[in-house]
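Here's upload38.cif, which has mmCIF, C-alpha atoms and all ligand atoms:
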```
data_query
loop_
_atom_site.group_PDB
_atom_site.id
_atom_site.type_symbol
_atom_site.label_atom_id
_atom_site.label_comp_id
_atom_site.auth_asym_id
_atom_site.auth_seq_id
_atom_site.Cartn_x
_atom_site.Cartn_y
_atom_site.Cartn_z
ATOM 1 C CA MET P 767 146.953 -32.656 -44.869
ATOM 2 C CA THR P 768 148.989 -35.633 -45.996
ATOM 3 C CA ARG P 769 148.656 -36.467 -49.680
ATOM 4 C CA THR P 770 149.159 -40.099 -50.425
ATOM 5 C CA PHE P 771 149.985 -41.848 -53.632
ATOM 6 C CA ALA P 772 149.960 -45.551 -52.906
ATOM 7 C CA PRO P 773 149.191 -47.693 -55.925
ATOM 8 C CA VAL P 774 148.490 -51.315 -55.163
ATOM 9 C CA ALA P 775 150.319 -54.328 -56.633
ATOM 10 C CA VAL P 776 152.954 -52.201 -58.297
ATOM 11 C CA ARG P 777 155.457 -53.847 -60.604
ATOM 12 C CA ALA P 778 158.420 -52.133 -62.202
ATOM 13 C CA VAL P 779 157.501 -48.744 -60.809
ATOM 14 C CA PRO P 780 160.418 -46.489 -59.887
ATOM 15 C CA ARG P 781 160.987 -46.716 -56.130
ATOM 16 C CA ASP P 782 160.711 -43.013 -55.371
ATOM 17 C CA VAL P 783 157.238 -42.879 -56.902
ATOM 18 C CA ARG P 784 156.008 -46.143 -55.406
ATOM 19 C CA ALA P 785 157.221 -45.281 -51.935
ATOM 20 C CA ARG P 786 155.887 -41.758 -51.990
ATOM 21 C CA ASP P 787 153.710 -41.256 -48.946
ATOM 22 C CA ASP P 788 154.142 -37.541 -48.328
ATOM 23 C CA GLY P 789 152.283 -36.159 -51.333
ATOM 24 C CA ARG P 790 153.785 -33.969 -53.985
ATOM 25 C CA ARG P 791 155.556 -30.904 -52.667
ATOM 26 C CA PRO P 792 153.466 -27.754 -52.838
ATOM 27 C CA THR P 793 154.054 -25.655 -55.931
ATOM 28 C CA ALA P 794 153.549 -21.949 -56.382
ATOM 29 C CA SER P 795 151.553 -22.391 -59.579
ATOM 30 C CA PRO P 796 148.392 -24.441 -60.077
ATOM 31 C CA THR P 797 148.665 -27.991 -61.404
ATOM 32 C CA ASN P 798 146.403 -28.018 -64.458
ATOM 33 C CA VAL P 799 146.394 -31.450 -66.046
ATOM 34 C CA VAL P 800 144.535 -32.554 -69.179
ATOM 35 C CA LEU P 801 144.260 -36.234 -70.093
ATOM 36 C CA ILE P 802 143.635 -36.997 -73.750
ATOM 37 C CA GLY P 803 143.072 -40.398 -75.273
ATOM 38 C CA PRO P 804 140.469 -42.491 -77.050
ATOM 39 C CA PRO P 805 137.442 -43.781 -75.141
ATOM 40 C CA GLY P 806 138.562 -46.624 -72.885
ATOM 41 C CA ALA P 807 142.180 -45.433 -72.657
ATOM 42 C CA GLY P 808 141.884 -45.286 -68.861
ATOM 43 C CA LYS P 809 141.475 -41.511 -68.532
ATOM 44 C CA GLY P 810 138.791 -41.808 -65.839
ATOM 45 C CA THR P 811 140.815 -44.177 -63.654
ATOM 46 C CA GLN P 812 143.968 -42.116 -64.019
ATOM 47 C CA ALA P 813 142.157 -38.814 -63.470
ATOM 48 C CA THR P 814 140.732 -40.040 -60.165
ATOM 49 C CA ARG P 815 144.119 -41.267 -58.923
ATOM 50 C CA LEU P 816 146.022 -38.147 -60.001
ATOM 51 C CA ALA P 817 143.448 -35.792 -58.570
ATOM 52 C CA ARG P 818 143.673 -37.550 -55.200
ATOM 53 C CA TRP P 819 147.460 -37.377 -55.284
ATOM 54 C CA LEU P 820 147.495 -33.714 -56.276
ATOM 55 C CA SER P 821 144.567 -32.731 -54.025
ATOM 56 C CA VAL P 822 142.748 -31.112 -56.914
ATOM 57 C CA PRO P 823 139.316 -31.931 -58.380
ATOM 58 C CA THR P 824 138.685 -34.196 -61.341
ATOM 59 C CA ILE P 825 136.546 -32.644 -64.028
ATOM 60 C CA SER P 826 135.102 -35.429 -66.154
ATOM 61 C CA THR P 827 132.781 -34.070 -68.805
ATOM 62 C CA GLY P 828 131.434 -37.553 -69.635
ATOM 63 C CA ASP P 829 130.505 -38.081 -65.951
ATOM 64 C CA MET P 830 128.923 -34.629 -65.762
ATOM 65 C CA LEU P 831 126.798 -35.340 -68.831
ATOM 66 C CA ARG P 832 125.776 -38.798 -67.644
ATOM 67 C CA ARG P 833 124.777 -37.351 -64.250
ATOM 68 C CA ALA P 834 122.704 -34.736 -66.074
ATOM 69 C CA VAL P 835 121.017 -37.466 -68.147
ATOM 70 C CA ARG P 836 120.264 -39.546 -65.011
ATOM 71 C CA SER P 837 118.808 -36.533 -63.208
ATOM 72 C CA GLY P 838 116.549 -35.653 -66.137
ATOM 73 C CA SER P 839 117.717 -32.004 -66.057
ATOM 74 C CA ALA P 840 117.301 -29.703 -69.055
ATOM 75 C CA ILE P 841 120.931 -30.286 -70.062
ATOM 76 C CA GLY P 842 120.462 -34.035 -69.589
ATOM 77 C CA LEU P 843 117.430 -34.099 -71.871
ATOM 78 C CA ALA P 844 119.267 -32.017 -74.474
ATOM 79 C CA VAL P 845 122.322 -34.289 -74.617
ATOM 80 C CA LYS P 846 120.927 -37.802 -73.982
ATOM 81 C CA THR P 847 120.514 -38.955 -77.573
ATOM 82 C CA VAL P 848 123.809 -37.482 -78.724
ATOM 83 C CA VAL P 849 125.770 -39.121 -75.877
ATOM 84 C CA GLU P 850 124.093 -42.488 -76.427
ATOM 85 C CA ARG P 851 124.963 -42.366 -80.132
ATOM 86 C CA GLY P 852 128.622 -41.693 -79.306
ATOM 87 C CA GLU P 853 128.591 -38.307 -81.035
ATOM 88 C CA LEU P 854 129.972 -35.058 -79.655
ATOM 89 C CA ILE P 855 127.987 -32.374 -77.879
ATOM 90 C CA ASP P 856 128.475 -29.038 -79.598
ATOM 91 C CA ASP P 857 131.481 -26.982 -78.637
ATOM 92 C CA ALA P 858 129.598 -23.956 -77.302
ATOM 93 C CA MET P 859 127.514 -26.024 -74.895
ATOM 94 C CA MET P 860 130.504 -28.053 -73.674
ATOM 95 C CA THR P 861 132.625 -24.965 -73.215
ATOM 96 C CA GLY P 862 129.819 -23.350 -71.199
ATOM 97 C CA ILE P 863 129.570 -26.408 -68.927
ATOM 98 C CA VAL P 864 133.344 -26.481 -68.346
ATOM 99 C CA ALA P 865 133.550 -22.689 -67.877
ATOM 100 C CA THR P 866 130.937 -22.909 -65.122
ATOM 101 C CA ARG P 867 132.857 -25.692 -63.397
ATOM 102 C CA LEU P 868 136.217 -23.896 -63.706
ATOM 103 C CA ALA P 869 134.699 -20.818 -62.100
ATOM 104 C CA GLU P 870 134.327 -22.777 -58.847
ATOM 105 C CA SER P 871 137.042 -21.962 -56.337
ATOM 106 C CA ASP P 872 138.223 -25.552 -55.757
ATOM 107 C CA THR P 873 139.749 -25.543 -59.255
ATOM 108 C CA HIS P 874 142.022 -22.578 -58.608
ATOM 109 C CA THR P 875 144.915 -24.702 -57.296
ATOM 110 C CA GLY P 876 144.547 -26.963 -60.317
ATOM 111 C CA PHE P 877 142.433 -29.778 -61.742
ATOM 112 C CA VAL P 878 142.589 -32.937 -63.783
ATOM 113 C CA LEU P 879 140.430 -32.660 -66.893
ATOM 114 C CA ASP P 880 139.115 -35.915 -68.357
ATOM 115 C CA GLY P 881 137.174 -35.690 -71.623
ATOM 116 C CA PHE P 882 137.694 -32.013 -72.399
ATOM 117 C CA PRO P 883 138.929 -30.633 -74.738
ATOM 118 C CA ARG P 884 137.793 -33.000 -77.478
ATOM 119 C CA THR P 885 138.096 -30.661 -80.450
ATOM 120 C CA VAL P 886 140.597 -27.990 -81.426
ATOM 121 C CA GLU P 887 137.837 -25.380 -80.891
ATOM 122 C CA GLN P 888 137.432 -26.602 -77.305
ATOM 123 C CA ALA P 889 141.212 -26.497 -76.804
ATOM 124 C CA VAL P 890 141.277 -22.870 -77.960
ATOM 125 C CA ALA P 891 138.335 -22.070 -75.671
ATOM 126 C CA LEU P 892 140.135 -23.725 -72.739
ATOM 127 C CA ASP P 893 143.151 -21.473 -73.288
ATOM 128 C CA GLY P 894 140.806 -18.504 -73.009
ATOM 129 C CA LEU P 895 139.271 -19.837 -69.770
ATOM 130 C CA LEU P 896 142.686 -20.380 -68.213
ATOM 131 C CA GLU P 897 144.342 -17.052 -68.943
ATOM 132 C CA GLN P 898 146.405 -16.091 -65.881
ATOM 133 C CA ARG P 899 145.766 -19.480 -64.301
ATOM 134 C CA GLY P 900 149.036 -21.283 -65.068
ATOM 135 C CA ASP P 901 150.147 -23.647 -67.788
ATOM 136 C CA LEU P 902 148.573 -26.888 -68.889
ATOM 137 C CA ILE P 903 150.281 -30.259 -68.635
ATOM 138 C CA VAL P 904 148.729 -32.363 -71.384
ATOM 139 C CA VAL P 905 149.137 -36.134 -71.231
ATOM 140 C CA GLU P 906 148.145 -38.434 -74.079
ATOM 141 C CA LEU P 907 147.180 -41.977 -73.090
ATOM 142 C CA ALA P 908 147.887 -43.980 -76.226
ATOM 143 C CA VAL P 909 145.993 -47.266 -76.658
ATOM 144 C CA PRO P 910 145.449 -49.051 -80.007
ATOM 145 C CA GLU P 911 141.961 -49.644 -81.384
ATOM 146 C CA GLY P 912 141.850 -53.425 -80.847
ATOM 147 C CA ALA P 913 142.605 -53.043 -77.130
ATOM 148 C CA ILE P 914 139.964 -50.317 -76.794
ATOM 149 C CA ILE P 915 137.244 -52.455 -78.337
ATOM 150 C CA ARG P 916 138.125 -55.344 -76.018
ATOM 151 C CA ARG P 917 138.234 -53.132 -72.912
ATOM 152 C CA LEU P 918 135.000 -51.268 -73.568
ATOM 153 C CA GLY P 919 133.147 -54.445 -74.550
ATOM 154 C CA GLN P 920 133.930 -55.769 -71.046
ATOM 155 C CA ARG P 921 133.288 -52.554 -69.121
ATOM 156 C CA ARG P 922 130.321 -52.509 -66.750
ATOM 157 C CA VAL P 923 129.217 -49.410 -64.854
ATOM 158 C CA CYS P 924 126.651 -48.795 -62.143
ATOM 159 C CA GLU P 925 123.467 -47.387 -63.621
ATOM 160 C CA ARG P 926 122.809 -45.436 -60.422
ATOM 161 C CA CYS P 927 126.168 -43.887 -59.393
ATOM 162 C CA GLY P 928 128.321 -44.432 -62.496
ATOM 163 C CA ARG P 929 131.079 -46.359 -60.693
ATOM 164 C CA ASN P 930 133.041 -48.885 -62.805
ATOM 165 C CA ALA P 931 132.894 -52.569 -61.835
ATOM 166 C CA ASP P 932 136.430 -53.798 -61.101
ATOM 167 C CA PRO P 933 137.592 -55.274 -64.429
ATOM 168 C CA LEU P 934 140.148 -57.450 -62.626
ATOM 169 C CA SER P 935 137.613 -59.236 -60.471
ATOM 170 C CA GLY P 936 136.868 -61.956 -63.056
ATOM 171 C CA THR P 937 133.108 -62.170 -63.540
ATOM 172 C CA PRO P 938 131.914 -58.643 -62.757
ATOM 173 C CA PRO P 939 129.578 -58.447 -59.754
ATOM 174 C CA LYS P 940 125.940 -57.774 -60.623
ATOM 175 C CA ASP P 941 125.392 -55.099 -58.020
ATOM 176 C CA CYS P 942 127.324 -51.991 -57.046
ATOM 177 C CA PRO P 943 128.022 -51.226 -53.343
ATOM 178 C CA CYS P 944 125.562 -48.294 -53.721
ATOM 179 C CA GLY P 945 122.784 -50.788 -54.483
ATOM 180 C CA GLY P 946 122.519 -49.972 -58.211
ATOM 181 C CA ALA P 947 122.980 -52.626 -60.894
ATOM 182 C CA PHE P 948 126.067 -52.839 -63.103
ATOM 183 C CA HIS P 949 125.229 -52.689 -66.796
ATOM 184 C CA GLN P 950 126.883 -51.924 -70.118
ATOM 185 C CA ARG P 951 126.828 -48.228 -70.974
ATOM 186 C CA PRO P 952 124.639 -47.727 -74.075
ATOM 187 C CA ASP P 953 127.624 -46.030 -75.759
ATOM 188 C CA ASP P 954 129.875 -49.040 -75.040
ATOM 189 C CA ALA P 955 127.954 -51.241 -77.499
ATOM 190 C CA GLU P 956 130.374 -52.287 -80.245
ATOM 191 C CA THR P 957 128.792 -50.271 -83.077
ATOM 192 C CA VAL P 958 128.792 -47.168 -80.896
ATOM 193 C CA ILE P 959 132.389 -47.761 -79.791
ATOM 194 C CA ARG P 960 133.421 -47.811 -83.453
ATOM 195 C CA GLU P 961 131.591 -44.510 -84.004
ATOM 196 C CA ARG P 962 133.318 -43.007 -80.929
ATOM 197 C CA LEU P 963 136.704 -44.140 -82.221
ATOM 198 C CA ARG P 964 136.000 -42.564 -85.622
ATOM 199 C CA THR P 965 134.991 -39.362 -83.842
ATOM 200 C CA TYR P 966 138.207 -39.476 -81.817
ATOM 201 C CA GLU P 967 140.340 -39.797 -84.948
ATOM 202 C CA ARG P 968 138.492 -37.054 -86.808
ATOM 203 C CA ALA P 969 137.808 -34.470 -84.102
ATOM 204 C CA THR P 970 140.087 -35.157 -81.143
ATOM 205 C CA ARG P 971 143.391 -36.445 -82.522
ATOM 206 C CA PRO P 972 144.174 -33.030 -84.133
ATOM 207 C CA ILE P 973 144.365 -31.601 -80.601
ATOM 208 C CA LEU P 974 147.529 -33.613 -80.064
ATOM 209 C CA ASP P 975 149.299 -31.547 -82.741
ATOM 210 C CA PHE P 976 147.849 -28.372 -81.265
ATOM 211 C CA TYR P 977 149.550 -29.130 -77.939
ATOM 212 C CA ARG P 978 152.636 -30.778 -79.465
ATOM 213 C CA GLN P 979 153.460 -27.544 -81.278
ATOM 214 C CA ARG P 980 153.789 -25.704 -78.019
ATOM 215 C CA ARG P 981 155.638 -28.563 -76.299
ATOM 216 C CA ALA P 982 152.917 -29.109 -73.697
ATOM 217 C CA LEU P 983 152.246 -32.735 -74.700
ATOM 218 C CA ARG P 984 153.648 -35.914 -73.154
ATOM 219 C CA ALA P 985 152.614 -39.361 -74.439
ATOM 220 C CA ILE P 986 152.270 -42.405 -72.177
ATOM 221 C CA ASP P 987 151.643 -46.001 -73.252
ATOM 222 C CA GLY P 988 148.135 -46.591 -71.908
ATOM 223 C CA THR P 989 148.293 -50.360 -72.483
ATOM 224 C CA GLN P 990 150.573 -50.764 -69.463
ATOM 225 C CA ALA P 991 149.308 -51.789 -66.023
ATOM 226 C CA PRO P 992 147.267 -48.924 -64.519
ATOM 227 C CA ASP P 993 149.725 -48.471 -61.619
ATOM 228 C CA LEU P 994 152.612 -48.058 -64.028
ATOM 229 C CA VAL P 995 150.625 -45.540 -66.074
ATOM 230 C CA THR P 996 149.868 -43.569 -62.882
ATOM 231 C CA ALA P 997 153.520 -43.620 -61.896
ATOM 232 C CA GLN P 998 154.636 -42.401 -65.313
ATOM 233 C CA ILE P 999 152.115 -39.563 -65.389
ATOM 234 C CA SER P 1000 153.159 -38.459 -61.916
ATOM 235 C CA GLN P 1001 156.784 -38.442 -63.077
ATOM 236 C CA VAL P 1002 155.795 -36.279 -66.046
ATOM 237 C CA ILE P 1003 154.082 -33.821 -63.706
ATOM 238 C CA ASP P 1004 157.070 -33.738 -61.343
ATOM 239 C CA ALA P 1005 159.455 -33.225 -64.263
ATOM 240 C CA VAL P 1006 157.466 -30.224 -65.496
ATOM 241 C CA PHE P 1007 157.642 -28.588 -62.065
ATOM 242 C CA ASP P 1008 161.310 -29.519 -61.547
ATOM 243 C CA HIS P 1009 162.114 -27.922 -64.896
ATOM 244 C CA ALA P 1010 160.115 -24.792 -64.047
ATOM 245 C CA ALA P 1011 161.921 -24.514 -60.689
ATOM 246 C CA SER P 1012 165.441 -24.896 -62.137
HETATM 247 P P1 LIG P 1101 133.334 -40.013 -72.057
HETATM 248 O O1 LIG P 1101 132.806 -40.633 -70.813
HETATM 249 O O2 LIG P 1101 134.413 -39.003 -71.801
HETATM 250 O O3 LIG P 1101 133.730 -41.030 -73.097
HETATM 251 O O4 LIG P 1101 132.129 -39.156 -72.681
HETATM 252 C C1 LIG P 1101 130.915 -39.779 -73.030
HETATM 253 C C2 LIG P 1101 130.191 -38.961 -74.072
HETATM 254 O O5 LIG P 1101 129.908 -37.647 -73.566
HETATM 255 C C3 LIG P 1101 130.967 -38.721 -75.344
HETATM 256 O O6 LIG P 1101 130.886 -39.820 -76.256
HETATM 257 C C4 LIG P 1101 130.243 -37.469 -75.883
HETATM 258 O O7 LIG P 1101 128.984 -37.808 -76.412
HETATM 259 C C5 LIG P 1101 129.994 -36.668 -74.602
HETATM 260 N N1 LIG P 1101 131.129 -35.764 -74.284
HETATM 261 C C6 LIG P 1101 131.956 -35.824 -73.196
HETATM 262 N N2 LIG P 1101 132.864 -34.847 -73.221
HETATM 263 C C7 LIG P 1101 132.624 -34.145 -74.358
HETATM 264 C C8 LIG P 1101 133.249 -33.017 -74.975
HETATM 265 N N3 LIG P 1101 134.318 -32.423 -74.417
HETATM 266 N N4 LIG P 1101 132.748 -32.574 -76.155
HETATM 267 C C9 LIG P 1101 131.677 -33.157 -76.723
HETATM 268 N N5 LIG P 1101 131.055 -34.226 -76.208
HETATM 269 C C10 LIG P 1101 131.514 -34.732 -75.038
#
```

For this file, write the structure as structure tokens.
Ligand code: AMP
Amino acid sequence: MTRTFAPVAVRAVPRDVRARDDGRRPTASPTNVVLIGPPGAGKGTQATRLARWLSVPTISTGDMLRRAVRSGSAIGLAVKTVVERGELIDDAMMTGIVATRLAESDTHTGFVLDGFPRTVEQAVALDGLLEQRGDLIVVELAVPEGAIIRRLGQRRVCERCGRNADPLSGTPPKDCPCGGAFHQRPDDAETVIRERLRTYERATRPILDFYRQRRALRAIDGTQAPDLVTAQISQVIDAVFDHAAS
């Protein structure tokens, strides 16, 4: 199957990445990618693009929890209030959810994780889940607080399917192609965003040191145009495999 990576409206993207239309060459080991960054750093957008390029699944814990809340399942009922307050679900429950997903066979050639790990305890648990399953490539999307608050204040998502309204389309459309209505996520309200950013600094930022110490971390400027961010992450991934092959 042909893997395509064809970002639109690319500016200042290295030619070999922009022109790539043959997919990344197959690698012997799985491509396990983790995206880390504050809420609104663009992890979801980048995870979707990278997963398509790499032909691996995206595992977005925020999406999984929101789907559970929408469906009214037992997990959804248990997490609803915590998610809407912008607080973290406890490590044991999150690790259980991710362990179940990683046990599915489509993840064995790799995955792009968005939203997990979010604490050092979760990072340690992830190591345990991935024993014998190849290394992690951890990418930090760095975006300053002011830009996050602006971005999330403008974000609108479909209340039915969770799709983001295109932020570049000027006035966001009221309705999603699936027929649901676009609305502001309860946890994107400004007071909740500030709580989520505090949580990121306190609980999640220490993970960066955890991965930095073992040289698994690469930082990318997440304020750049999304296509440029995608191109830079794909270069990071290629460089890791080129290095491993040399
Ligand atoms: P996100 O869409 O990744 O910003 O996640 C939305 C919300 O889901 C977060 O604010 C948390 O309440 C919850 N959540 C998602 N992933 C995790 C995780 N790994 N650990 C704890 N809570 C999480």

- Message: Taking all atoms listed in the file into account, which residues have an atom no farther than 6 Å from ligand LIG 1101 (chain P)? I'd like them as a list of chain:residue names.
- Response: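 The neighbouring residues of ligand LIG 1101 (chain P) are, in order, P:Pro805, P:Thr827, P:Gly828, P:Asp829, P:Val848, P:Val849, P:Gly852, P:Glu853, P:Leu854, P:Ile855, P:Asp856, P:Met860, P:Gly881, P:Phe882, P:Pro883, P:Arg884.
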
- Task: Would you mind telling me which residue in P:Thr957, P:Ile973, P:Ile986, P:Gln998 lies nearest to Val909 of chain P when using only C-alpha atoms?
- Result: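 Nearest candidate to Val909 of chain P out of P:Thr957, P:Ile973, P:Ile986, P:Gln998: P:Ile986.
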
- Given the file shown, determine the residues that the PyMOL selection byres (((chain P and resi 930) around 10) and not hetatm) selects; report them as number ranges by chain. P: 810-811, 921-925, 927-929, 931-933, 938, 942, 948-949

- Can you tell me, as a list of chain:residue names, which residues sit within 7 Å of (142.8, -27.6, -62.0) in the file's frame, using all atoms listed in the file?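 The answer, in the requested form, is P:Pro796, P:Thr797, P:Asn798, P:Val799, P:Val822, P:Pro823, P:Thr873, P:His874, P:Thr875, P:Gly876, P:Phe877, P:Val878.
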
What would the selection look like, as a PDB file with C-alpha atoms, in the frame of the given file, if the PyMOL selection byres (((chain P and resi 915-919) around 7) and not hetatm) were run on the coordinates I just shared?
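part_9.pdb, freshly written:
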```pdb
ATOM      1  CA  GLY P 806     138.562 -46.624 -72.885  1.00  0.00           C
ATOM      2  CA  GLU P 911     141.961 -49.644 -81.384  1.00  0.00           C
ATOM      3  CA  GLY P 912     141.850 -53.425 -80.847  1.00  0.00           C
ATOM      4  CA  ALA P 913     142.605 -53.043 -77.130  1.00  0.00           C
ATOM      5  CA  ILE P 914     139.964 -50.317 -76.794  1.00  0.00           C
ATOM      6  CA  GLN P 920     133.930 -55.769 -71.046  1.00  0.00           C
ATOM      7  CA  ARG P 921     133.288 -52.554 -69.121  1.00  0.00           C
ATOM      8  CA  ASP P 954     129.875 -49.040 -75.040  1.00  0.00           C
ATOM      9  CA  ALA P 955     127.954 -51.241 -77.499  1.00  0.00           C
ATOM     10  CA  GLU P 956     130.374 -52.287 -80.245  1.00  0.00           C
ATOM     11  CA  ILE P 959     132.389 -47.761 -79.791  1.00  0.00           C
TER      12      ILE P 959
END
```

- Nearest residue to Pro992 of chain P from the set P:Val958, P:Leu820, P:Ala807, P:Ala969 (distances using all atoms listed in the file):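 Closest to Pro992 of chain P of all the choices is P:Ala807.
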
- Query: Of the candidates P:Ala1010, P:Val905, P:Ala869, P:Val845, which one gets nearest to Arg833 of chain P if we count only C-alpha atoms?
  - Reply: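 Answer, going by the shortest atom-to-atom distance: P:Val845.
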
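The space between atom CA of Asp880 of chain P and atom CA of Ser1012 of chain P spans 29.2 Å.
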
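The two atoms in question, atom CA of Leu896 of chain P and atom CA of Ala908 of chain P, are spaced 25.5 Å apart.
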